[in-house]
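Listing of protein.cif, mmCIF, C-alpha atoms (C1' of nucleotides)
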data_final
#
loop_
_atom_site.label_atom_id
_atom_site.label_comp_id
_atom_site.auth_asym_id
_atom_site.auth_seq_id
_atom_site.Cartn_x
_atom_site.Cartn_y
_atom_site.Cartn_z
CA MET A 1 78.56 136.35 121.40
CA SER A 2 79.10 133.28 123.56
CA GLU A 3 82.44 131.57 123.45
CA HIS A 4 81.12 128.16 122.54
CA LEU A 5 80.59 128.74 118.84
CA LYS A 6 83.71 130.79 118.16
CA LEU A 7 85.74 129.20 115.43
CA ASN A 8 89.05 129.46 117.21
CA ASN A 9 87.73 127.79 120.32
CA GLN A 10 86.87 124.60 118.47
CA LEU A 11 89.19 121.69 119.13
CA CYS A 12 87.99 120.18 115.86
CA PHE A 13 89.19 123.20 113.88
CA ARG A 14 92.69 122.93 115.40
CA ILE A 15 92.84 119.24 114.50
CA TYR A 16 91.48 119.99 111.04
CA LYS A 17 94.11 122.65 110.38
CA LEU A 18 96.87 120.59 111.94
CA ASN A 19 96.03 117.60 109.78
CA LYS A 20 96.16 119.69 106.63
CA SER A 21 99.38 121.42 107.63
CA VAL A 22 101.13 118.19 108.55
CA THR A 23 100.01 116.56 105.32
CA LYS A 24 101.41 119.51 103.39
CA LEU A 25 104.80 118.92 104.98
CA TYR A 26 104.81 115.47 103.40
CA VAL A 27 103.77 116.50 99.93
CA PRO A 28 107.14 117.78 98.64
CA LEU A 29 108.94 114.81 100.19
CA LEU A 30 106.49 112.29 98.80
CA LYS A 31 106.46 113.90 95.39
CA LYS A 32 110.01 112.61 94.94
CA LEU A 33 108.65 109.12 95.53
CA SER A 34 105.64 109.72 93.26
CA LEU A 35 103.34 109.01 96.17
CA THR A 36 100.39 110.86 97.62
CA TYR A 37 100.02 111.00 101.37
CA PRO A 38 97.36 108.25 101.67
CA GLN A 39 99.40 106.13 99.28
CA TYR A 40 102.38 106.61 101.59
CA LEU A 41 100.30 105.27 104.48
CA VAL A 42 99.54 102.19 102.42
CA MET A 43 103.23 101.74 101.68
CA LEU A 44 104.08 102.03 105.38
CA ALA A 45 101.59 99.27 106.11
CA LEU A 46 102.97 97.05 103.35
CA TRP A 47 106.63 97.58 104.21
CA GLU A 48 105.87 96.67 107.78
CA VAL A 49 104.09 93.36 107.22
CA ASN A 50 106.33 92.46 104.32
CA GLN A 51 103.91 89.93 102.86
CA PRO A 52 100.69 90.01 100.84
CA VAL A 53 97.75 91.55 102.69
CA SER A 54 94.09 91.54 101.82
CA ILE A 55 92.36 94.79 101.01
CA LYS A 56 90.07 94.12 103.94
CA LYS A 57 93.00 94.13 106.37
CA LEU A 58 94.35 97.32 104.88
CA CYS A 59 90.94 98.90 105.27
CA ILE A 60 90.93 98.03 108.95
CA GLN A 61 94.49 99.10 109.64
CA LEU A 62 94.19 102.40 107.78
CA GLU A 63 90.62 103.03 108.89
CA LEU A 64 89.53 103.54 105.32
CA ASP A 65 86.71 101.88 103.47
CA THR A 66 86.77 99.99 100.23
CA GLY A 67 85.32 102.95 98.35
CA THR A 68 88.51 104.82 99.15
CA LEU A 69 91.08 102.06 99.00
CA SER A 70 89.87 100.17 95.97
CA PRO A 71 90.55 102.94 93.44
CA LEU A 72 93.62 104.13 95.36
CA LEU A 73 95.18 100.69 95.09
CA LYS A 74 94.39 100.58 91.41
CA ARG A 75 96.34 103.78 90.94
CA MET A 76 99.22 102.37 92.95
CA GLU A 77 99.21 99.29 90.77
CA ALA A 78 99.27 101.49 87.69
CA LEU A 79 102.37 103.12 89.19
CA ALA A 80 103.83 99.62 89.60
CA PHE A 81 104.39 99.91 93.36
CA ILE A 82 102.05 97.04 94.15
CA LYS A 83 100.33 94.07 92.54
CA ARG A 84 96.75 93.00 93.13
CA VAL A 85 96.40 89.23 93.22
CA ARG A 86 93.21 87.26 93.70
CA SER A 87 93.63 84.79 96.54
CA THR A 88 93.29 81.14 95.53
CA LYS A 89 92.27 79.99 99.00
CA ASP A 90 89.38 82.43 99.17
CA GLU A 91 88.38 83.87 95.87
CA ARG A 92 86.72 86.86 97.51
CA LEU A 93 90.07 88.20 98.69
CA VAL A 94 92.34 90.45 96.71
CA LEU A 95 95.85 90.34 98.12
CA ILE A 96 98.09 93.36 97.82
CA GLU A 97 101.80 92.71 97.48
CA LEU A 98 104.78 94.95 96.89
CA THR A 99 106.59 94.87 93.58
CA ALA A 100 110.38 95.12 93.50
CA LYS A 101 109.93 98.80 92.74
CA GLY A 102 107.68 99.14 95.75
CA LYS A 103 110.19 97.41 98.01
CA HIS A 104 113.06 99.55 96.80
CA LEU A 105 111.12 102.69 97.55
CA LYS A 106 111.48 101.96 101.24
CA LYS A 107 115.13 103.06 101.22
CA GLU A 108 114.20 106.52 100.03
CA ALA A 109 111.32 106.74 102.45
CA GLU A 110 113.56 106.08 105.40
CA LEU A 111 114.75 109.66 105.24
CA ILE A 112 111.29 111.06 105.76
CA PRO A 113 110.46 110.46 109.43
CA ALA A 114 113.50 112.36 110.73
CA GLN A 115 112.70 115.34 108.53
CA LEU A 116 109.15 115.37 109.80
CA PHE A 117 110.20 115.04 113.40
CA CYS A 118 112.43 118.06 112.92
CA SER A 119 109.53 120.09 111.54
CA THR A 120 107.41 119.41 114.59
CA GLY A 121 109.86 121.28 116.81
CA LEU A 122 109.11 118.77 119.56
CA THR A 123 111.56 116.97 121.82
CA LYS A 124 111.30 113.21 121.83
CA GLU A 125 109.68 113.35 125.24
CA GLU A 126 107.13 115.90 124.07
CA LEU A 127 106.40 113.76 121.02
CA VAL A 128 105.76 110.69 123.15
CA MET A 129 103.48 112.62 125.46
CA LEU A 130 101.55 114.15 122.59
CA GLN A 131 101.15 110.74 120.95
CA GLN A 132 99.68 109.48 124.22
CA SER A 133 97.31 112.44 124.51
CA LEU A 134 96.11 111.92 120.97
CA ASP A 135 95.70 108.18 121.47
CA SER A 136 93.65 108.79 124.56
CA LEU A 137 91.50 111.35 122.81
CA LEU A 138 91.07 109.08 119.82
CA ASN A 139 89.90 106.26 122.07
CA ASN A 140 87.38 108.49 123.79
CA VAL A 141 86.07 109.86 120.53
CA LYS A 142 85.61 106.36 119.15
CA LEU A 143 83.72 105.31 122.25
CA HIS A 144 81.20 108.05 121.55
CA SER A 145 80.73 107.40 117.85
CA MET B 5 112.42 96.50 110.86
CA SER B 6 113.36 99.90 112.25
CA GLU B 7 110.82 101.79 114.28
CA HIS B 8 110.86 104.91 112.19
CA LEU B 9 108.65 103.73 109.36
CA LYS B 10 106.14 101.81 111.45
CA LEU B 11 102.66 103.07 110.75
CA ASN B 12 101.63 103.32 114.36
CA ASN B 13 104.68 105.35 115.30
CA GLN B 14 103.74 108.15 112.93
CA LEU B 15 102.38 111.27 114.56
CA CYS B 16 100.80 112.16 111.22
CA PHE B 17 98.74 108.95 111.22
CA ARG B 18 97.35 109.71 114.66
CA ILE B 19 96.38 113.20 113.59
CA TYR B 20 94.91 111.81 110.36
CA LYS B 21 92.78 109.26 112.22
CA LEU B 22 91.81 111.73 114.91
CA ASN B 23 90.68 114.28 112.35
CA LYS B 24 88.48 111.72 110.62
CA SER B 25 87.03 110.41 113.88
CA VAL B 26 86.25 113.86 115.24
CA THR B 27 84.64 114.86 111.96
CA LYS B 28 82.48 111.77 112.10
CA LEU B 29 81.19 112.84 115.51
CA TYR B 30 79.84 115.98 113.89
CA VAL B 31 78.16 114.34 110.94
CA PRO B 32 74.96 113.11 112.63
CA LEU B 33 74.60 116.40 114.52
CA LEU B 34 75.17 118.49 111.42
CA LYS B 35 72.88 116.38 109.33
CA LYS B 36 69.97 117.81 111.33
CA LEU B 37 71.11 121.26 110.22
CA SER B 38 71.65 120.10 106.62
CA LEU B 39 75.31 121.10 106.88
CA THR B 40 78.51 119.30 106.06
CA TYR B 41 81.44 119.71 108.38
CA PRO B 42 83.33 122.30 106.27
CA GLN B 43 80.06 124.16 105.74
CA TYR B 44 79.66 124.25 109.52
CA LEU B 45 83.09 125.89 109.80
CA VAL B 46 81.94 128.54 107.35
CA MET B 47 78.80 129.12 109.40
CA LEU B 48 80.86 129.47 112.58
CA ALA B 49 82.95 132.13 110.88
CA LEU B 50 79.87 133.98 109.62
CA TRP B 51 77.96 133.84 112.90
CA GLU B 52 80.97 135.27 114.66
CA VAL B 53 81.59 138.32 112.48
CA ASN B 54 77.89 138.89 111.94
CA GLN B 55 78.41 140.99 108.84
CA PRO B 56 79.23 140.39 105.17
CA VAL B 57 82.71 138.96 104.59
CA SER B 58 84.64 138.58 101.40
CA ILE B 59 85.49 135.14 100.12
CA LYS B 60 89.13 136.10 100.39
CA LYS B 61 88.81 136.69 104.14
CA LEU B 62 87.00 133.39 104.58
CA CYS B 63 89.79 131.65 102.66
CA ILE B 64 92.37 133.09 105.05
CA GLN B 65 90.42 132.38 108.21
CA LEU B 66 89.53 128.82 107.25
CA GLU B 67 92.85 128.12 105.58
CA LEU B 68 91.09 126.99 102.43
CA ASP B 69 91.63 128.14 98.89
CA THR B 70 89.14 129.50 96.40
CA GLY B 71 89.02 126.19 94.58
CA THR B 72 87.48 124.69 97.69
CA LEU B 73 85.40 127.57 98.99
CA SER B 74 83.96 128.86 95.74
CA PRO B 75 81.86 125.79 94.93
CA LEU B 76 81.17 125.13 98.62
CA LEU B 77 79.67 128.59 99.01
CA LYS B 78 77.57 128.06 95.92
CA ARG B 79 76.11 124.95 97.49
CA MET B 80 75.43 126.88 100.68
CA GLU B 81 73.69 129.58 98.70
CA ALA B 82 71.57 126.94 96.97
CA LEU B 83 70.59 125.77 100.46
CA ALA B 84 69.62 129.39 101.24
CA PHE B 85 71.94 129.73 104.24
CA ILE B 86 73.95 132.53 102.66
CA LYS B 87 73.81 135.08 99.88
CA ARG B 88 76.68 136.00 97.55
CA VAL B 89 76.73 139.70 96.79
CA ARG B 90 79.19 141.48 94.53
CA SER B 91 80.78 144.40 96.39
CA THR B 92 80.05 147.81 94.88
CA LYS B 93 83.20 149.41 96.34
CA ASP B 94 85.49 146.83 94.81
CA GLU B 95 83.92 144.82 92.06
CA ARG B 96 86.45 142.02 92.47
CA LEU B 97 85.01 141.12 95.86
CA VAL B 98 82.15 138.74 96.49
CA LEU B 99 80.70 139.31 99.92
CA ILE B 100 79.10 136.45 101.79
CA GLU B 101 76.22 137.28 104.10
CA LEU B 102 73.87 135.19 106.16
CA THR B 103 70.23 134.87 105.19
CA ALA B 104 67.55 134.86 107.86
CA LYS B 105 67.55 131.08 107.58
CA GLY B 106 71.30 131.06 108.12
CA LYS B 107 71.04 133.29 111.16
CA HIS B 108 68.30 131.20 112.72
CA LEU B 109 70.39 128.08 112.36
CA LYS B 110 72.73 129.40 115.04
CA LYS B 111 70.20 128.56 117.76
CA GLU B 112 70.24 124.90 116.84
CA ALA B 113 74.01 124.86 116.48
CA GLU B 114 74.49 126.13 120.01
CA LEU B 115 73.78 122.65 121.32
CA ILE B 116 76.67 121.11 119.41
CA PRO B 117 79.84 122.22 121.23
CA ALA B 118 78.75 120.78 124.57
CA GLN B 119 77.96 117.43 122.98
CA LEU B 120 81.33 117.36 121.33
CA PHE B 121 83.14 118.32 124.49
CA CYS B 122 81.44 115.43 126.23
CA SER B 123 82.61 113.02 123.55
CA THR B 124 86.22 114.01 124.04
CA GLY B 125 86.19 112.68 127.58
CA LEU B 126 88.50 115.55 128.55
CA THR B 127 88.26 117.85 131.54
CA LYS B 128 88.20 121.56 130.76
CA GLU B 129 91.77 121.85 131.98
CA GLU B 130 92.90 118.97 129.76
CA LEU B 131 91.10 120.54 126.82
CA VAL B 132 92.86 123.86 127.34
CA MET B 133 96.24 122.17 127.61
CA LEU B 134 95.66 120.08 124.51
CA GLN B 135 94.55 123.15 122.57
CA GLN B 136 97.82 124.81 123.55
CA SER B 137 99.88 121.78 122.55
CA LEU B 138 98.17 121.65 119.17
CA ASP B 139 98.56 125.39 118.62
CA SER B 140 102.23 125.14 119.40
CA LEU B 141 102.66 122.21 117.08
CA LEU B 142 100.69 123.93 114.36
CA ASN B 143 102.91 126.99 114.63
CA ASN B 144 106.05 124.91 114.36
CA VAL B 145 104.74 122.96 111.42
CA LYS B 146 103.84 126.17 109.61
CA LEU B 147 107.30 127.56 110.21
CA HIS B 148 108.75 124.60 108.37
CA SER B 149 106.41 124.60 105.38
"C1'" DT C 4 72.26 69.94 100.37
"C1'" DA C 5 69.53 73.97 99.20
"C1'" DA C 6 68.37 78.50 100.88
"C1'" DA C 7 69.65 82.42 103.60
"C1'" DA C 8 72.99 85.27 105.53
"C1'" DT C 9 77.56 87.01 105.61
"C1'" DT C 10 81.88 88.57 103.71
"C1'" DA C 11 85.13 90.89 100.46
"C1'" DT C 12 85.51 93.78 96.89
"C1'" DA C 13 83.95 97.05 93.24
"C1'" DT C 14 81.26 100.91 91.63
"C1'" DT C 15 78.60 105.24 91.71
"C1'" DG C 16 77.76 109.65 93.33
"C1'" DC C 17 78.77 113.61 96.04
"C1'" DG C 18 81.61 116.83 98.57
"C1'" DC C 19 85.75 118.37 99.87
"C1'" DA C 20 90.98 119.88 99.09
"C1'" DC C 21 94.20 121.73 96.24
"C1'" DA C 22 97.26 122.70 92.14
"C1'" DA C 23 96.97 124.99 87.90
"C1'" DT C 24 94.83 128.01 84.86
"C1'" DG C 25 91.75 131.76 83.30
"C1'" DT C 26 89.50 136.34 83.76
"C1'" DA C 27 88.08 140.73 85.15
"C1'" DA C 28 88.82 144.56 88.29
"C1'" DA C 29 91.99 147.36 90.76
"C1'" DT C 30 96.51 149.08 91.71
"C1'" DT C 31 101.08 150.39 90.56
"C1'" DA C 32 104.66 151.82 87.47
"C1'" DA C 33 106.40 153.90 83.56
"C1'" DT D 10 97.38 158.06 81.25
"C1'" DT D 11 98.66 153.89 79.35
"C1'" DA D 12 100.93 149.56 80.34
"C1'" DA D 13 102.34 146.14 83.63
"C1'" DT D 14 101.35 143.99 87.79
"C1'" DT D 15 98.56 142.48 91.39
"C1'" DT D 16 94.32 140.95 93.45
"C1'" DA D 17 89.90 138.36 93.92
"C1'" DC D 18 87.32 134.98 92.26
"C1'" DA D 19 85.95 131.07 89.17
"C1'" DT D 20 86.93 126.83 86.73
"C1'" DT D 21 89.17 122.43 85.57
"C1'" DG D 22 91.23 118.27 86.77
"C1'" DT D 23 92.83 114.83 90.09
"C1'" DG D 24 92.69 112.34 94.31
"C1'" DC D 25 90.80 111.30 98.42
"C1'" DG D 26 86.78 109.92 101.84
"C1'" DC D 27 82.58 107.93 102.52
"C1'" DA D 28 77.58 106.50 102.01
"C1'" DA D 29 74.93 103.60 99.27
"C1'" DT D 30 74.49 99.98 96.17
"C1'" DA D 31 75.86 95.85 93.49
"C1'" DT D 32 78.03 91.31 92.91
"C1'" DA D 33 80.34 87.17 93.55
"C1'" DA D 34 82.31 83.90 96.83
"C1'" DT D 35 81.91 81.81 101.27
"C1'" DT D 36 79.65 80.43 105.37
"C1'" DT D 37 75.74 79.42 108.07
"C1'" DT D 38 71.28 77.70 108.72
"C1'" DA D 39 67.36 75.07 107.96
#

Here is a file; write its structure as structure tokens.
Amino acid sequence: MSEHLKLNNQLCFRIYKLNKSVTKLYVPLLKKLSLTYPQYLVMLALWEVNQPVSIKKLCIQLELDTGTLSPLLKRMEALAFIKRVRSTKDERLVLIELTAKGKHLKKEAELIPAQLFCSTGLTKEELVMLQQSLDSLLNNVKLHS
Amino acid sequence: MSEHLKLNNQLCFRIYKLNKSVTKLYVPLLKKLSLTYPQYLVMLALWEVNQPVSIKKLCIQLELDTGTLSPLLKRMEALAFIKRVRSTKDERLVLIELTAKGKHLKKEAELIPAQLFCSTGLTKEELVMLQQSLDSLLNNVKLHS
DNA sequence: TAAAATTATATTGCGCACAATGTAAATTAA
DNA sequence: TTAATTTACATTGTGCGCAATATAATTTTA
């Protein structure tokens, strides 16, 4: 059998497994915050901008489409982490803003990145280099899609 | 705002985006074979062993659980790529085997890896090094989970 | 300004992905 | 050998992730 189709030679399979494994590291930590992993990504985006953002902008930043984010944000609103407010300037826009509860959650989340970094077993230099490799690969992949 | 919680500093977010982007490269290629991406992984596993395999072994190799694989394999059987056969030696086991249609599909799939490699923009040496980096990271992550 | 095109969001449908639960067969222990 | 445990698989329920479609608001064009 040629090497090309062997499962363990596929870069995609490594990335696929790595993504699942890394996500699983987050689950027990995020459970304490009552967040799922994609919801955590939304919270990171919101904490960072610190002002209302349209769903459209979140879609772009998170590289998710409205079919994913729209129901996800509804669940997050039901959990009272965010509010969904129709923009008055442009009635097409729904602006997402943090509630007080959502803002307070940031304190607890600040413990997470260090724990994750530890689990990678990487040095800071190795982490930076890997980030660059992945960025470069991501750019190439997007060029071809 | 501290750097630690910024979305674009998260290794996990890069891996998350990369996984989605790489998967999307496969979709148009796999559509010609009437396969989804996880179904393609199953086919890779089956082509490689070239004999009936239990669902349990597929679960281990693909790092998926029965809740994912069981319905996925049913869909693949409905597409006539595989057959599900109850083992006579151990009646708990369901063995998955390729149909003639499933075996023939390998020919068409052999064109895929080279196309994907091209889309990565990597040299063979870079690919090997990245695979090693990801394997190492995956091992570390698994140690901590 | 009225019609056409675009934009932002929501919804539907399908396929993962996984935790939790159920069940039948096989193994182990008593 | 019967009872308890383990193993393999299936099912249920929930949450993504995305293609396809629908709708209302805005912008562009004629």

Env of D:DT15: 12 Å cut, atoms = all atoms listed in the file, seq-sep filter 3 positions within chain, self excluded. Answer as a ChimeraX atom specification. /C:28-32

Save the residues we just selected, C-alpha atoms (C1' of nucleotides), as a tab-separated table (two decimals), keeping the file's coordinate frame?
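This is the output file again.tsv:
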chain	number	residue	atom	x	y	z
C	28	DA	C1'	88.82	144.56	88.29
C	29	DA	C1'	91.99	147.36	90.76
C	30	DT	C1'	96.51	149.08	91.71
C	31	DT	C1'	101.08	150.39	90.56
C	32	DA	C1'	104.66	151.82	87.47

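Reported to one decimal place, the separation of atom CA of B:Leu147 from atom CA of A:Gly121 is 9.5 Å.
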
Any chance you could lay chain B over chain A, fitting all C-alpha atoms in order by least squares, and write the moved chain as a compact mmCIF listing (two decimals) with C-alpha atoms, in the frame of the given file?
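Saved as superposed-v4.txt:
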# COMPACT_ATOMS: atom_id res chain seq x y z
CA MET B 5 78.53 136.33 121.43
CA SER B 6 79.09 133.27 123.59
CA GLU B 7 82.44 131.56 123.47
CA HIS B 8 81.13 128.16 122.56
CA LEU B 9 80.59 128.72 118.86
CA LYS B 10 83.70 130.78 118.21
CA LEU B 11 85.73 129.20 115.45
CA ASN B 12 89.03 129.46 117.23
CA ASN B 13 87.70 127.81 120.36
CA GLN B 14 86.86 124.61 118.51
CA LEU B 15 89.18 121.70 119.16
CA CYS B 16 87.97 120.20 115.88
CA PHE B 17 89.20 123.22 113.91
CA ARG B 18 92.67 122.92 115.40
CA ILE B 19 92.82 119.25 114.53
CA TYR B 20 91.46 120.02 111.05
CA LYS B 21 94.11 122.68 110.41
CA LEU B 22 96.86 120.61 111.95
CA ASN B 23 96.01 117.62 109.80
CA LYS B 24 96.14 119.72 106.64
CA SER B 25 99.39 121.43 107.64
CA VAL B 26 101.13 118.20 108.56
CA THR B 27 100.00 116.59 105.33
CA LYS B 28 101.40 119.51 103.40
CA LEU B 29 104.80 118.91 104.99
CA TYR B 30 104.80 115.47 103.41
CA VAL B 31 103.77 116.51 99.94
CA PRO B 32 107.13 117.78 98.63
CA LEU B 33 108.95 114.81 100.19
CA LEU B 34 106.49 112.30 98.80
CA LYS B 35 106.46 113.90 95.40
CA LYS B 36 110.02 112.61 94.93
CA LEU B 37 108.66 109.11 95.53
CA SER B 38 105.65 109.72 93.26
CA LEU B 39 103.34 109.02 96.20
CA THR B 40 100.39 110.87 97.63
CA TYR B 41 100.02 111.03 101.36
CA PRO B 42 97.37 108.27 101.67
CA GLN B 43 99.41 106.14 99.27
CA TYR B 44 102.38 106.62 101.59
CA LEU B 45 100.29 105.27 104.48
CA VAL B 46 99.53 102.20 102.40
CA MET B 47 103.22 101.75 101.67
CA LEU B 48 104.06 102.04 105.37
CA ALA B 49 101.57 99.29 106.11
CA LEU B 50 102.96 97.06 103.35
CA TRP B 51 106.62 97.59 104.21
CA GLU B 52 105.85 96.66 107.79
CA VAL B 53 104.08 93.35 107.21
CA ASN B 54 106.32 92.46 104.30
CA GLN B 55 103.89 89.94 102.88
CA PRO B 56 100.67 90.00 100.85
CA VAL B 57 97.73 91.55 102.70
CA SER B 58 94.08 91.55 101.83
CA ILE B 59 92.35 94.79 101.01
CA LYS B 60 90.05 94.13 103.94
CA LYS B 61 92.98 94.12 106.37
CA LEU B 62 94.34 97.32 104.87
CA CYS B 63 90.91 98.91 105.26
CA ILE B 64 90.90 98.04 108.96
CA GLN B 65 94.46 99.11 109.63
CA LEU B 66 94.16 102.41 107.78
CA GLU B 67 90.60 103.05 108.88
CA LEU B 68 89.52 103.55 105.29
CA ASP B 69 86.70 101.90 103.43
CA THR B 70 86.77 100.00 100.17
CA GLY B 71 85.34 102.97 98.31
CA THR B 72 88.52 104.83 99.11
CA LEU B 73 91.10 102.06 98.98
CA SER B 74 89.88 100.18 95.93
CA PRO B 75 90.57 102.94 93.40
CA LEU B 76 93.63 104.13 95.34
CA LEU B 77 95.19 100.68 95.08
CA LYS B 78 94.43 100.58 91.39
CA ARG B 79 96.36 103.79 90.94
CA MET B 80 99.23 102.35 92.94
CA GLU B 81 99.23 99.26 90.77
CA ALA B 82 99.30 101.45 87.67
CA LEU B 83 102.39 103.09 89.18
CA ALA B 84 103.87 99.58 89.59
CA PHE B 85 104.40 99.88 93.35
CA ILE B 86 102.06 97.00 94.14
CA LYS B 87 100.35 94.04 92.53
CA ARG B 88 96.75 92.95 93.12
CA VAL B 89 96.42 89.19 93.22
CA ARG B 90 93.21 87.24 93.70
CA SER B 91 93.61 84.77 96.57
CA THR B 92 93.28 81.12 95.55
CA LYS B 93 92.22 79.98 99.04
CA ASP B 94 89.36 82.43 99.21
CA GLU B 95 88.37 83.88 95.90
CA ARG B 96 86.70 86.87 97.53
CA LEU B 97 90.06 88.19 98.69
CA VAL B 98 92.35 90.45 96.72
CA LEU B 99 95.84 90.33 98.13
CA ILE B 100 98.10 93.34 97.82
CA GLU B 101 101.81 92.70 97.49
CA LEU B 102 104.78 94.93 96.90
CA THR B 103 106.62 94.85 93.60
CA ALA B 104 110.39 95.10 93.52
CA LYS B 105 109.94 98.78 92.73
CA GLY B 106 107.69 99.14 95.76
CA LYS B 107 110.19 97.40 98.02
CA HIS B 108 113.07 99.53 96.81
CA LEU B 109 111.15 102.68 97.55
CA LYS B 110 111.50 101.96 101.26
CA LYS B 111 115.15 103.05 101.20
CA GLU B 112 114.22 106.51 100.02
CA ALA B 113 111.32 106.75 102.44
CA GLU B 114 113.58 106.08 105.41
CA LEU B 115 114.78 109.67 105.25
CA ILE B 116 111.29 111.08 105.75
CA PRO B 117 110.44 110.48 109.43
CA ALA B 118 113.48 112.36 110.72
CA GLN B 119 112.68 115.35 108.54
CA LEU B 120 109.14 115.38 109.79
CA PHE B 121 110.19 115.06 113.39
CA CYS B 122 112.42 118.07 112.92
CA SER B 123 109.53 120.10 111.54
CA THR B 124 107.42 119.44 114.60
CA GLY B 125 109.87 121.30 116.79
CA LEU B 126 109.13 118.78 119.55
CA THR B 127 111.58 116.97 121.79
CA LYS B 128 111.32 113.19 121.80
CA GLU B 129 109.70 113.33 125.22
CA GLU B 130 107.14 115.89 124.05
CA LEU B 131 106.42 113.76 121.00
CA VAL B 132 105.78 110.69 123.13
CA MET B 133 103.49 112.62 125.45
CA LEU B 134 101.55 114.15 122.59
CA GLN B 135 101.16 110.75 120.95
CA GLN B 136 99.67 109.48 124.21
CA SER B 137 97.32 112.45 124.51
CA LEU B 138 96.10 111.93 120.96
CA ASP B 139 95.69 108.18 121.45
CA SER B 140 93.66 108.79 124.55
CA LEU B 141 91.51 111.34 122.81
CA LEU B 142 91.07 109.09 119.81
CA ASN B 143 89.92 106.26 122.06
CA ASN B 144 87.39 108.48 123.78
CA VAL B 145 86.08 109.85 120.52
CA LYS B 146 85.64 106.34 119.15
CA LEU B 147 83.74 105.29 122.24
CA HIS B 148 81.22 108.01 121.54
CA SER B 149 80.73 107.39 117.83

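Here the PyMOL selection byres ((chain C and resi 9) around 10) catches exactly these residues: DA7, DA8, DT10 and DA11 of chain C; DT35, DT36 and DT37 of chain D.
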
In file coordinates, which residues lie within 9 Å of (85.6, 124.3, 87.3) using all atoms listed in the file, given as a list in words? Gly71 and Pro75 of chain B; DA19, DT20, DT21 and DG22 of chain D

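Closest to chain C among B:Leu73, B:Leu142, B:Val89, B:Leu126 is B:Leu73, based on all atoms listed in the file.
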
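Pairwise distance (atom CA of A:Met1, atom CA of B:Lys61) equals 20.1 Å.
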
Got a sec: who's within 8 Å of B:Lys105, counting all atoms listed in the file, leaving out chain neighbours fewer than 3 positions off, as a list in words? Ala84, Phe85, Leu102, His108 and Leu109 of chain B

Let's have the selection written as a PDB file, keeping the file's coordinate frame, with C-alpha atoms.
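As written to disk, selection_19.pdb reads:
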ATOM      1  CA  ALA B  84      69.620 129.390 101.240  1.00  0.00           C
ATOM      2  CA  PHE B  85      71.940 129.730 104.240  1.00  0.00           C
ATOM      3  CA  LEU B 102      73.870 135.190 106.160  1.00  0.00           C
ATOM      4  CA  HIS B 108      68.300 131.200 112.720  1.00  0.00           C
ATOM      5  CA  LEU B 109      70.390 128.080 112.360  1.00  0.00           C
TER       6      LEU B 109
END

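Here the PyMOL selection byres ((chain A) within 7 of (chain C)) captures the residues Lys56, Arg92 and Leu93 of chain A.
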
Please determine the contact residues of chain A with respect to chain B at a cut-off of 6 Å, counting only C-alpha atoms, and supply them as a ChimeraX atom specification. /A:7,15-16,18-19,25,44,119-121,138,140-141,144-145

By how many Å are atom CA of B:Thr70 and atom CA of B:Arg90 apart? 15.7 Å

Of D:DA28, D:DA39, D:DC18, D:DA12, the one nearest to chain B when counting all atoms listed in the file is D:DC18

To verify the selection step, state as a PyMOL selection string which residues the PyMOL selection byres ((chain D) within 9 of (chain A)) yields on this input. chain D and resi 24-27+33-35

Return the padded bounding box of stretch 10-27 of chain D as JSON: axis-aligned, built from all atoms listed in the file, 3 Å added on each side, with centre and edge lengths in Å to one decimal.
{"center_x": 92.5, "center_y": 133.0, "center_z": 90.9, "size_x": 25.8, "size_y": 56.1, "size_z": 29.2}
